[in-house]
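The structure file upload.txt is reproduced below (compact mmCIF, C-alpha atoms).
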```txt
# COMPACT_ATOMS: atom_id res chain seq x y z
CA MET J 57 149.71 155.68 110.38
CA ILE J 58 149.83 154.70 106.72
CA ASP J 59 152.56 156.40 104.66
CA THR J 60 151.83 157.03 101.01
CA ASP J 61 152.72 159.30 98.12
CA VAL J 62 149.15 160.27 97.33
CA LEU J 63 145.79 159.86 99.01
CA VAL J 64 142.91 159.64 96.53
CA ILE J 65 139.49 160.54 97.93
CA GLY J 66 136.73 158.91 95.92
CA ALA J 67 136.59 155.57 94.13
CA GLY J 68 134.41 156.57 91.21
CA PRO J 69 135.63 156.29 87.62
CA THR J 70 137.72 159.46 87.87
CA GLY J 71 139.47 158.33 91.07
CA LEU J 72 140.05 154.85 89.64
CA PHE J 73 141.68 156.05 86.46
CA CYS J 74 143.77 158.50 88.46
CA VAL J 75 145.05 155.49 90.46
CA HIS J 76 146.12 154.02 87.13
CA GLN J 77 147.93 157.18 86.10
CA LEU J 78 149.69 157.37 89.48
CA GLY J 79 150.74 153.75 89.12
CA ILE J 80 152.10 154.34 85.63
CA ILE J 81 154.40 157.10 86.87
CA GLY J 82 155.50 155.01 89.83
CA LEU J 83 153.66 156.67 92.70
CA LYS J 84 151.97 154.76 95.49
CA CYS J 85 148.47 155.70 96.55
CA GLU J 86 145.68 154.75 98.94
CA VAL J 87 142.00 155.30 98.19
CA VAL J 88 139.23 156.25 100.65
CA ASP J 89 135.54 156.18 99.75
CA ASN J 90 132.44 156.75 101.81
CA LEU J 91 130.46 154.02 100.01
CA ASP J 92 131.01 150.38 100.89
CA LYS J 93 131.86 149.48 97.32
CA ILE J 94 134.06 150.71 94.48
CA GLY J 95 132.49 152.67 91.62
CA GLY J 96 130.97 155.89 92.97
CA GLN J 97 127.89 157.22 91.19
CA CYS J 98 128.34 154.61 88.44
CA ILE J 99 127.57 151.87 90.95
CA GLU J 100 125.33 153.72 93.37
CA LEU J 101 123.09 155.60 90.94
CA TYR J 102 123.20 153.87 87.58
CA PRO J 103 124.85 150.42 87.61
CA ASP J 104 122.50 149.19 84.86
CA LYS J 105 122.14 152.35 82.81
CA PRO J 106 124.04 152.45 79.55
CA ILE J 107 126.77 155.04 79.06
CA TYR J 108 127.41 156.02 75.44
CA ASP J 109 130.23 158.53 75.63
CA ILE J 110 133.31 156.71 76.88
CA PRO J 111 135.91 157.02 74.09
CA ALA J 112 136.30 153.82 72.06
CA ILE J 113 133.49 152.06 73.94
CA SER J 114 130.18 152.39 72.08
CA VAL J 115 128.15 151.42 75.08
CA CYS J 116 128.73 150.05 78.57
CA THR J 117 126.89 150.14 81.88
CA GLY J 118 128.14 151.85 85.01
CA GLU J 119 128.92 148.44 86.45
CA GLU J 120 130.88 147.30 83.40
CA LEU J 121 132.87 150.50 83.32
CA THR J 122 133.74 150.09 86.99
CA LYS J 123 134.77 146.45 86.51
CA ASN J 124 137.05 147.37 83.62
CA LEU J 125 138.67 150.20 85.55
CA ILE J 126 139.29 147.89 88.51
CA LYS J 127 140.87 145.35 86.16
CA GLN J 128 143.08 148.04 84.64
CA ILE J 129 144.54 149.07 88.02
CA LYS J 130 145.01 145.53 89.31
CA PRO J 131 148.80 145.53 88.75
CA PHE J 132 149.21 148.36 91.24
CA LYS J 133 147.64 146.43 94.15
CA THR J 134 146.08 149.57 95.55
CA ASN J 135 144.52 149.57 99.01
CA PHE J 136 140.90 150.72 99.17
CA HIS J 137 139.46 151.99 102.43
CA LEU J 138 135.73 151.67 101.81
CA GLY J 139 132.84 152.74 104.00
CA ASP J 140 135.12 155.34 105.51
CA ARG J 141 135.31 159.09 105.09
CA VAL J 142 138.14 161.56 105.37
CA GLU J 143 137.27 163.88 108.21
CA GLU J 144 140.34 165.93 108.98
CA VAL J 145 143.13 167.21 106.76
CA LYS J 146 146.10 168.95 108.33
CA LYS J 147 149.37 170.22 106.90
CA VAL J 148 152.37 169.17 108.97
CA LYS J 149 155.66 170.43 107.51
CA ASP J 150 155.69 169.18 103.91
CA ASN J 151 153.13 166.46 104.45
CA TRP J 152 149.40 166.16 104.88
CA ILE J 153 148.10 164.22 107.87
CA ILE J 154 144.67 162.78 107.28
CA LYS J 155 142.19 161.28 109.70
CA THR J 156 139.09 159.32 108.78
CA ILE J 157 135.89 158.83 110.74
CA LYS J 158 136.86 155.22 111.38
CA GLY J 159 140.07 156.48 112.96
CA LYS J 160 142.55 155.63 110.21
CA GLU J 161 145.49 157.97 109.73
CA PHE J 162 147.47 158.69 106.61
CA ASN J 163 150.68 160.59 106.09
CA THR J 164 150.78 161.69 102.47
CA LYS J 165 152.67 164.07 100.20
CA SER J 166 149.56 165.14 98.36
CA ILE J 167 145.82 164.60 98.13
CA ILE J 168 143.71 164.15 95.03
CA ILE J 169 140.02 164.77 95.64
CA ALA J 170 137.85 162.85 93.19
CA GLY J 171 134.77 163.18 95.33
CA GLY J 172 132.08 163.50 92.66
CA VAL J 173 129.25 165.59 93.98
CA GLY J 174 130.13 164.76 97.58
CA SER J 175 129.51 161.81 99.81
CA PHE J 176 126.29 159.86 99.75
CA GLU J 177 124.24 159.91 102.90
CA PRO J 178 120.73 158.69 103.60
CA ARG J 179 118.04 161.34 103.29
CA LYS J 180 116.61 161.89 106.77
CA PHE J 181 113.16 162.72 108.09
CA SER J 182 112.54 166.46 107.90
CA VAL J 183 110.65 166.64 111.21
CA LYS J 184 112.99 168.44 113.60
CA GLU J 185 112.29 166.31 116.69
CA CYS J 186 113.63 163.26 114.86
CA GLU J 187 117.22 164.28 115.54
CA LYS J 188 117.25 163.22 119.16
CA PHE J 189 116.02 159.71 118.32
CA GLU J 190 118.29 159.14 115.32
CA GLY J 191 120.64 156.22 115.74
CA LYS J 192 118.41 154.82 118.47
CA GLU J 193 114.74 154.40 117.53
CA ILE J 194 114.98 156.19 114.20
CA LEU J 195 117.21 154.38 111.73
CA TYR J 196 118.10 154.76 108.08
CA SER J 197 119.67 151.35 107.64
CA VAL J 198 119.37 148.04 109.43
CA LYS J 199 122.43 146.56 111.08
CA ASP J 200 120.81 144.20 113.57
CA LYS J 201 117.30 143.13 112.69
CA THR J 202 116.78 141.22 115.96
CA ILE J 203 116.13 144.50 117.80
CA PHE J 204 112.77 144.73 116.01
CA GLU J 205 111.45 141.36 117.22
CA ASN J 206 107.95 141.70 118.69
CA LYS J 207 108.09 145.48 118.32
CA THR J 208 106.10 147.88 116.21
CA VAL J 209 108.12 149.23 113.31
CA SER J 210 106.99 152.08 111.06
CA ILE J 211 108.75 151.89 107.72
CA PHE J 212 108.70 154.96 105.49
CA GLY J 213 109.49 154.94 101.78
CA GLY J 214 108.43 153.40 98.49
CA GLY J 215 111.56 151.82 97.06
CA ASP J 216 113.07 148.37 97.34
CA ALA J 217 114.68 148.97 100.72
CA ALA J 218 111.34 149.94 102.29
CA LEU J 219 109.45 147.07 100.64
CA ASP J 220 112.08 144.42 101.36
CA TRP J 221 112.36 145.32 105.02
CA ALA J 222 108.58 145.52 105.38
CA ILE J 223 108.30 141.98 104.01
CA GLU J 224 111.18 140.62 106.05
CA LEU J 225 110.23 142.23 109.36
CA SER J 226 106.55 141.36 109.01
CA ALA J 227 107.42 137.83 110.11
CA THR J 228 108.56 138.90 113.58
CA SER J 229 107.32 142.47 114.09
CA LYS J 230 104.19 144.54 113.71
CA VAL J 231 104.94 146.48 110.52
CA GLN J 232 103.36 149.70 109.31
CA LEU J 233 104.47 150.71 105.82
CA ILE J 234 103.94 154.40 105.16
CA HIS J 235 104.47 156.05 101.79
CA ARG J 236 103.63 159.43 100.27
CA ARG J 237 101.68 158.03 97.33
CA ASP J 238 99.84 154.89 96.19
CA GLU J 239 102.50 153.74 93.75
CA PHE J 240 105.76 152.14 94.79
CA ARG J 241 108.96 152.34 92.82
CA GLY J 242 110.36 149.01 94.04
CA ALA J 243 110.36 145.72 92.13
CA GLN J 244 106.90 144.59 91.07
CA ALA J 245 107.26 141.23 92.83
CA SER J 246 107.94 143.00 96.12
CA VAL J 247 105.01 145.38 95.62
CA ASP J 248 102.73 142.38 95.00
CA LYS J 249 104.07 140.62 98.07
CA VAL J 250 103.50 143.69 100.26
CA LYS J 251 99.92 144.01 98.99
CA GLU J 252 99.32 140.32 99.68
CA LEU J 253 100.70 140.65 103.23
CA SER J 254 98.58 143.74 103.70
CA LYS J 255 95.45 141.77 102.75
CA GLU J 256 96.42 139.08 105.23
CA GLY J 257 96.79 141.75 107.89
CA LYS J 258 100.52 141.19 108.33
CA ILE J 259 101.51 144.63 107.09
CA GLU J 260 99.48 147.76 107.68
CA LEU J 261 99.71 149.83 104.53
CA LEU J 262 99.26 153.59 104.91
CA THR J 263 99.67 155.47 101.65
CA LYS J 264 99.51 159.19 100.88
CA TYR J 265 100.78 159.75 104.40
CA GLN J 266 104.01 161.40 105.55
CA LEU J 267 105.54 161.88 108.97
CA SER J 268 104.38 165.13 110.59
CA SER J 269 105.24 164.86 114.29
CA ILE J 270 106.80 162.74 117.02
CA LYS J 271 105.71 162.40 120.62
CA GLY J 272 107.98 161.12 123.33
CA ASP J 273 110.65 162.25 125.70
CA LYS J 274 113.32 159.63 126.21
CA LYS J 275 111.59 157.12 123.99
CA ILE J 276 109.23 157.51 121.08
CA GLU J 277 105.65 157.09 122.25
CA SER J 278 103.70 157.84 119.12
CA ILE J 279 103.99 159.58 115.79
CA GLY J 280 101.65 161.75 113.79
CA ILE J 281 101.30 161.08 110.09
CA LYS J 282 99.59 163.47 107.72
CA HIS J 283 97.51 162.54 104.71
CA ASP J 284 97.62 164.42 101.40
CA ASP J 285 94.22 165.89 102.30
CA ASP J 286 95.60 167.13 105.67
CA ASP J 287 93.96 164.46 107.82
CA ILE J 288 96.31 163.56 110.70
CA LYS J 289 96.51 160.10 112.21
CA ASN J 290 98.36 159.27 115.43
CA ILE J 291 99.92 155.85 115.60
CA GLU J 292 101.98 154.06 118.20
CA THR J 293 105.37 152.75 117.26
CA ASP J 294 108.65 151.59 118.76
CA TYR J 295 110.92 152.17 115.78
CA LEU J 296 110.97 154.30 112.63
CA LEU J 297 112.86 153.23 109.55
CA GLY J 298 113.31 155.85 106.82
CA PHE J 299 114.26 154.80 103.29
CA PHE J 300 114.19 157.95 101.16
CA GLY J 301 117.25 157.24 99.04
CA LEU J 302 120.56 159.00 99.23
CA ILE J 303 121.52 162.62 99.12
CA VAL J 304 124.94 164.04 98.52
CA GLN J 305 126.70 166.29 100.97
CA LEU J 306 130.05 167.96 100.50
CA GLY J 307 130.57 167.27 104.19
CA PRO J 308 133.95 167.91 105.82
CA ILE J 309 135.58 169.02 102.53
CA THR J 310 134.28 172.49 103.36
CA ASN J 311 136.61 172.63 106.38
CA TRP J 312 139.91 172.00 104.59
CA GLY J 313 140.71 175.56 103.64
CA LEU J 314 139.76 175.11 100.01
CA ASN J 315 138.15 177.82 97.94
CA LEU J 316 134.63 176.82 96.99
CA ASP J 317 132.40 177.97 94.17
CA LYS J 318 128.92 176.83 95.15
CA LYS J 319 129.50 173.11 95.70
CA HIS J 320 132.60 172.89 93.51
CA ILE J 321 136.33 173.35 94.04
CA PRO J 322 138.05 175.77 91.64
CA VAL J 323 141.28 174.40 90.14
CA ASN J 324 143.84 175.47 87.57
CA THR J 325 143.77 173.52 84.33
CA GLU J 326 147.52 172.94 84.18
CA ASN J 327 147.57 170.30 86.92
CA PHE J 328 144.19 170.61 88.68
CA GLU J 329 145.71 171.89 91.88
CA THR J 330 143.44 173.84 94.24
CA ASN J 331 144.33 176.97 96.20
CA GLN J 332 146.06 174.63 98.69
CA LYS J 333 149.45 173.46 97.43
CA GLY J 334 149.43 169.68 97.30
CA ILE J 335 145.67 169.28 97.17
CA PHE J 336 144.23 168.53 93.74
CA ALA J 337 140.59 168.16 92.68
CA ILE J 338 139.36 166.24 89.64
CA GLY J 339 136.08 165.00 88.17
CA ASP J 340 132.63 166.35 88.96
CA ILE J 341 133.77 168.12 92.11
CA CYS J 342 136.19 170.51 90.38
CA THR J 343 135.34 173.56 88.36
CA TYR J 344 137.16 175.78 85.87
CA PRO J 345 136.15 177.76 82.79
CA GLY J 346 134.71 175.34 80.28
CA LYS J 347 134.33 172.45 82.75
CA LEU J 348 132.34 169.53 81.33
CA LYS J 349 130.90 167.02 83.77
CA LEU J 350 131.78 164.00 81.67
CA ILE J 351 133.64 160.88 82.76
CA LEU J 352 136.14 161.40 79.95
CA SER J 353 136.98 164.86 81.32
CA GLY J 354 137.61 163.26 84.70
CA PHE J 355 140.10 160.84 83.08
CA HIS J 356 142.03 163.74 81.54
CA GLU J 357 142.00 165.68 84.81
CA GLY J 358 143.25 162.63 86.70
CA ALA J 359 146.14 162.10 84.30
CA LEU J 360 147.33 165.67 84.82
CA ALA J 361 146.73 165.77 88.58
CA ALA J 362 148.72 162.53 88.98
CA ARG J 363 151.67 164.17 87.24
CA GLY J 364 151.12 167.36 89.24
CA SER J 365 151.48 165.39 92.46
CA PHE J 366 154.83 163.91 91.35
CA LYS J 367 156.86 166.92 92.41
CA TYR J 368 155.62 166.61 96.00
CA ALA J 369 156.31 162.87 96.20
CA ARG J 370 159.74 162.87 94.51
CA LEU J 371 161.39 166.13 95.45
CA ASP J 372 164.71 165.38 93.76
CA GLU J 373 163.44 163.72 90.63
CA LYS J 374 162.18 165.01 87.37
CA LEU J 375 159.21 163.29 85.81
CA ARG J 376 160.03 161.92 82.37
CA PHE J 377 157.23 161.59 79.90
CA GLU J 378 156.87 158.00 78.70
CA PHE J 379 154.48 156.14 76.45
CA SER J 380 152.92 152.94 77.75
CA THR J 381 153.52 151.34 74.35
CA THR J 382 157.29 151.47 74.59
CA SER J 383 158.49 152.31 78.11
CA LYS J 384 160.20 149.40 79.88
CA ARG J 385 159.68 151.12 83.23
CA VAL J 386 155.96 151.45 82.60
CA HIS J 387 155.83 147.80 81.51
CA SER J 388 157.52 146.66 84.67
CA ARG J 389 155.11 148.73 86.78
CA LEU J 390 152.26 147.05 84.93
CA GLY J 391 153.85 143.67 85.61
CA ILE J 392 154.22 142.93 81.90
CA LYS J 393 156.93 140.39 81.16
CA LYS J 394 159.05 140.46 78.02
CA ASP J 395 157.37 137.46 76.46
CA ASP J 396 153.82 138.80 76.92
CA MET Z 518 110.24 185.76 76.78
CA PRO Z 519 108.04 184.05 79.40
CA LYS Z 520 108.37 185.27 82.96
CA VAL Z 521 108.79 182.71 85.74
CA LYS Z 522 108.38 183.68 89.37
CA TYR Z 523 110.47 181.80 91.92
CA ILE Z 524 109.43 182.27 95.53
CA GLU Z 525 111.99 181.26 98.14
CA HIS Z 526 110.85 179.61 101.33
CA ASN Z 527 111.38 182.86 103.23
CA GLY Z 528 108.98 184.62 100.87
CA LYS Z 529 111.56 186.46 98.78
CA SER Z 530 110.55 186.31 95.15
CA HIS Z 531 112.52 186.50 91.92
CA THR Z 532 110.84 187.12 88.58
CA ILE Z 533 113.06 185.98 85.73
CA ASP Z 534 112.70 186.12 81.96
CA VAL Z 535 113.44 182.57 80.92
CA PRO Z 536 113.95 181.87 77.21
CA ASN Z 537 111.72 179.24 75.62
CA GLY Z 538 113.35 175.84 75.60
CA LEU Z 539 115.25 176.24 78.85
CA SER Z 540 114.04 174.39 81.91
CA VAL Z 541 112.68 176.17 84.96
CA MET Z 542 115.74 174.75 86.77
CA GLU Z 543 118.15 176.29 84.21
CA GLY Z 544 116.33 179.60 84.49
CA ALA Z 545 117.10 179.61 88.20
CA ILE Z 546 120.70 178.38 87.99
CA GLN Z 547 121.70 180.80 85.22
CA ASN Z 548 120.28 183.72 87.16
CA ASN Z 549 121.62 182.73 90.57
CA VAL Z 550 118.23 182.19 92.14
CA PRO Z 551 119.03 180.57 95.49
CA GLY Z 552 117.16 177.48 96.64
CA ILE Z 553 117.60 175.25 93.60
CA ASP Z 554 120.74 173.10 93.69
CA ALA Z 555 120.41 170.84 90.63
CA ASP Z 556 123.28 168.59 91.67
CA CYS Z 557 122.92 166.21 88.73
CA GLY Z 558 122.63 168.96 86.14
CA GLY Z 559 119.17 168.05 84.88
CA SER Z 560 119.37 164.34 84.19
CA MET Z 561 116.65 163.39 86.69
CA ALA Z 562 119.20 161.53 88.81
CA CYS Z 563 118.71 163.57 91.98
CA ALA Z 564 115.89 165.53 93.54
CA THR Z 565 117.64 168.80 94.28
CA CYS Z 566 115.72 171.04 91.86
CA HIS Z 567 112.47 170.23 93.62
CA VAL Z 568 109.72 172.90 93.52
CA TYR Z 569 106.09 173.23 94.53
CA VAL Z 570 103.70 174.35 91.84
CA LYS Z 571 100.42 176.10 92.56
CA GLU Z 572 97.41 173.85 92.11
CA GLU Z 573 96.02 175.90 89.23
CA TRP Z 574 99.29 175.52 87.35
CA PHE Z 575 99.78 171.85 88.11
CA ASP Z 576 97.34 170.60 85.48
CA LYS Z 577 98.65 172.95 82.79
CA LEU Z 578 102.18 171.60 83.03
CA PRO Z 579 103.50 168.76 80.89
CA LYS Z 580 102.74 165.44 82.62
CA LYS Z 581 105.44 163.77 84.64
CA GLU Z 582 107.52 161.28 82.72
CA ASP Z 583 108.50 157.88 84.09
CA GLY Z 584 110.95 158.31 86.88
CA GLU Z 585 110.13 161.84 87.99
CA GLU Z 586 107.67 160.75 90.67
CA ASP Z 587 110.19 158.14 91.84
CA MET Z 588 112.81 160.85 92.26
CA ILE Z 589 110.31 163.08 94.08
CA ASP Z 590 109.94 160.28 96.66
CA MET Z 591 113.51 161.15 97.59
CA ALA Z 592 113.07 164.92 97.71
CA TYR Z 593 113.04 167.03 100.85
CA GLU Z 594 109.42 167.38 102.03
CA PRO Z 595 107.57 166.34 98.88
CA LYS Z 596 103.95 167.45 98.59
CA LYS Z 597 100.97 166.77 96.35
CA PHE Z 598 102.00 169.44 93.82
CA SER Z 599 105.73 168.74 93.79
CA ARG Z 600 107.70 168.76 90.53
CA LEU Z 601 111.32 168.60 89.50
CA SER Z 602 112.06 171.93 87.83
CA CYS Z 603 114.54 170.34 85.40
CA GLN Z 604 111.56 168.61 83.78
CA LEU Z 605 109.56 171.82 83.25
CA ILE Z 606 110.55 173.24 79.88
CA VAL Z 607 109.61 176.88 79.47
CA SER Z 608 107.29 177.82 76.61
CA ASN Z 609 104.79 180.62 75.93
CA GLU Z 610 102.12 178.51 77.63
CA LEU Z 611 104.05 178.83 80.89
CA GLU Z 612 104.07 182.65 80.89
CA GLY Z 613 103.59 183.76 84.49
CA LEU Z 614 104.38 180.36 86.07
CA VAL Z 615 104.91 180.59 89.82
CA VAL Z 616 107.01 178.02 91.66
CA ASN Z 617 107.61 177.87 95.40
CA LEU Z 618 110.92 176.56 96.65
CA PRO Z 619 111.25 174.11 99.56
CA VAL Z 620 113.09 174.94 102.81
CA LYS Z 621 116.11 173.17 101.40
CA GLN Z 622 117.07 170.66 98.76
CA THR Z 623 119.39 168.28 100.63
```

What is this structure when it is put down as structure tokens?
Amino acid sequence: MIDTDVLVIGAGPTGLFCVHQLGIIGLKCEVVDNLDKIGGQCIELYPDKPIYDIPAISVCTGEELTKNLIKQIKPFKTNFHLGDRVEEVKKVKDNWIIKTIKGKEFNTKSIIIAGGVGSFEPRKFSVKECEKFEGKEILYSVKDKTIFENKTVSIFGGGDAALDWAIELSATSKVQLIHRRDEFRGAQASVDKVKELSKEGKIELLTKYQLSSIKGDKKIESIGIKHDDDDIKNIETDYLLGFFGLIVQLGPITNWGLNLDKKHIPVNTENFETNQKGIFAIGDICTYPGKLKLILSGFHEGALAARGSFKYARLDEKLRFEFSTTSKRVHSRLGIKKDD
Amino acid sequence: MPKVKYIEHNGKSHTIDVPNGLSVMEGAIQNNVPGIDADCGGSMACATCHVYVKEEWFDKLPKKEDGEEDMIDMAYEPKKFSRLSCQLIVSNELEGLVVNLPVKQT
């Protein structure tokens, strides 16, 4: 069990700056994020895309913004629990007890949800029968590529993940690459390589096809794929790999007793607390009259939520407002020495 | 004001007056038409405003810009006449447009 003042859910820009604001006022926090790296949508969706509306920064990419935010919170030595997801949230006396899917437990005074639009999960095949094979012969990521040796693998998708795995596995497996159209969105070099391997007969390329059915009881025997013009082809395969990008799901957040407005959590604009005392929501996931889904709004919301959580963490203390320019306490929290 | 007809997967249809200049996605969101999520708010960064357009309408619509087809790869059950409704800007030419909504968006 990890004891902390605040648990921050989400390591996107809003969560990161909130960590900074918590550190400034002397609160300790832990951060959990479903992705395996820090940065949220900025890293997952647009690491290279320029952002033009961060105050005082004319232009920066999602990756640069993330790097700078990480640098800014370095003095606070915050623990990040990546690739993990908060599953269960329970109120016990004055504290919140939190469990993650990896089995970690936190005991915290308050929770700040900076979950963006939810957690990223791979988009799955829409054919219903796929469910019973998922995690076994139907996979959405590769953990151990040796299982495919000398097997037939049907790879679905048109992005880099699909192309890269088709190229890599073609050395040791029989690979069928299936995509819904003739064009691929992956890197040109990979597309060229796949086409070359296809000519050499090392990859079977099936375009304008999508999965339509699965045959098999305990194991997959064959699959049906359907062409744009409705022609159906049955092919044998041992494994299916689906690479259709990521979707966002609110996931377990819906079970924590929070009011929801469509996929958003209503908050008050004084401290961004939700209907549950001690649970705050900031950034894209929160909603209130006039809400703007901008990173800068998330920064503001995080600053206020951090201060809102103070009363739960320090019952007998009053929070004093201090400027970072002059406050000795803030300077010591930032690790700034007199001579700096 | 052009009328746009949204047909849910279960067959229920909604005919909405959508002002020129709004997207077909915005027309749905502002009038609480279920079946269009639009998680990213119209920046072509997700595929949750995915719709199917009738073949006869498909050629009349503005052509897909770079990136739309890539996003459609990641939609739920994409088909030949799939579009992202955030990219369909309503104008007089689109009077009477019919879009069918997929079973779900995520």

Using all atoms listed in the file, find all polymer residues with an atom at most 12 Å away from the point (120.7, 184.4, 91.4); report them as an mmCIF file with C-alpha atoms, keeping the file's coordinate frame.
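New file selection25.cif:
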```cif
data_model
loop_
_atom_site.group_PDB
_atom_site.id
_atom_site.type_symbol
_atom_site.label_atom_id
_atom_site.label_comp_id
_atom_site.auth_asym_id
_atom_site.auth_seq_id
_atom_site.Cartn_x
_atom_site.Cartn_y
_atom_site.Cartn_z
ATOM 1 C CA LYS J 318 128.920 176.830 95.150
ATOM 2 C CA TYR Z 523 110.470 181.800 91.920
ATOM 3 C CA GLU Z 525 111.990 181.260 98.140
ATOM 4 C CA LYS Z 529 111.560 186.460 98.780
ATOM 5 C CA SER Z 530 110.550 186.310 95.150
ATOM 6 C CA HIS Z 531 112.520 186.500 91.920
ATOM 7 C CA THR Z 532 110.840 187.120 88.580
ATOM 8 C CA ILE Z 533 113.060 185.980 85.730
ATOM 9 C CA MET Z 542 115.740 174.750 86.770
ATOM 10 C CA GLU Z 543 118.150 176.290 84.210
ATOM 11 C CA GLY Z 544 116.330 179.600 84.490
ATOM 12 C CA ALA Z 545 117.100 179.610 88.200
ATOM 13 C CA ILE Z 546 120.700 178.380 87.990
ATOM 14 C CA GLN Z 547 121.700 180.800 85.220
ATOM 15 C CA ASN Z 548 120.280 183.720 87.160
ATOM 16 C CA ASN Z 549 121.620 182.730 90.570
ATOM 17 C CA VAL Z 550 118.230 182.190 92.140
ATOM 18 C CA PRO Z 551 119.030 180.570 95.490
ATOM 19 C CA GLY Z 552 117.160 177.480 96.640
ATOM 20 C CA ILE Z 553 117.600 175.250 93.600
ATOM 21 C CA ASP Z 554 120.740 173.100 93.690
#
```

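With only C-alpha atoms as the atoms that count, the residue of J:Arg141, J:Lys160, J:Arg241, J:Lys93 with the shortest distance to J:Gly301 is J:Arg241.
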
When the cut-off is 8 Å and we count all atoms listed in the file, which residues of chain J are near chain Z, given as a PyMOL selection string? chain J and resi 101+173+179+182+213-214+236+241+284+300-305

Using only C-alpha atoms, determine which residues lie at most 12 Å from J:Ala245, disregarding the query and same-chain residues fewer than 5 positions distant; provide the list as a PyMOL selection string. chain J and resi 216+219-220+223+240+250-252

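Coordinates place atom CA of J:Leu195 at a distance of 6.4 Å from atom CA of J:Gly298.
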
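The two atoms in question, atom CA of Z:Met561 and atom CA of Z:Val521, are spaced 20.9 Å apart.
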
Tell me which of Z:Lys621, Z:Lys520, Z:His526, Z:Arg600 sits closest to Z:Glu582, counting all atoms listed in the file. Z:Arg600

Quick one: residues within 12 Å of J:Gly118, all atoms listed in the file counted, chain neighbours fewer than 6 positions away excluded, as a ChimeraX atom specification? /J:68-69,94-110,124-125,351

Residues at most 10 Å from J:Phe189, counting all atoms listed in the file, excluding those fewer than 5 positions away in the same chain, as an NGL selection string? :J and (194-195 or 270 or 272-276 or 295-296)

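Distances from J:Asn327, J:Tyr196, J:Ser268, J:Glu144 to J:Trp312 were compared using only C-alpha atoms, and the smallest one belongs to J:Glu144.
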
List the neighbours of stretch 375-382 of chain J out to 8 Å using all atoms listed in the file; skip same-chain residues closer than 4 positions along the sequence, and give me the result as a PyMOL selection string. chain J and resi 81+363+366-367+386-387

What is the distance between atom CA of J:Thr263 and atom CA of J:Ala243, in Å to one decimal?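 Going from atom CA of J:Thr263 over to atom CA of J:Ala243 covers 17.3 Å.
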
With only C-alpha atoms as the counted atoms, please give the residues lying no more than 7 Å from Z:Tyr569, apart from itself and same-chain residues fewer than 4 positions off, as a VMD selection string. chain Z and resid 598 to 600 616 to 618

Given only C-alpha atoms as the counted atoms, nearest of J:Ile321, J:Cys74, J:Ile259, J:Val64 to J:Lys165: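 Nearest to J:Lys165: J:Val64.
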
Please write as a PyMOL selection string the list of polymer residues whose atoms come within 10 Å of (107.1, 179.3, 74.8), counting only C-alpha atoms and keeping to the coordinates of the file. chain Z and resi 518-519+535-539+606-612

Choose the residue, out of J:Lys155, J:His356, J:Lys289, J:Lys127, that has the smallest atom-to-atom separation from J:Met57; count only C-alpha atoms. J:Lys155

Between J:Arg389, J:Lys123, J:Arg370, J:Lys333, which is the closest to J:Trp152 once you count all atoms listed in the file?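 With all atoms listed in the file as the atom set, the closest residue is J:Lys333.
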
Output, as lines of an AutoDock Vina configuration file, the centre and edge lengths in Å (one decimal) of the axis-aligned box that contains all listed atoms of stretch 579-593 of chain Z with 5 Å of margin on each side.
```
center_x = 108.1
center_y = 163.3
center_z = 90.9
size_x = 20.8
size_y = 20.9
size_z = 30.0
```
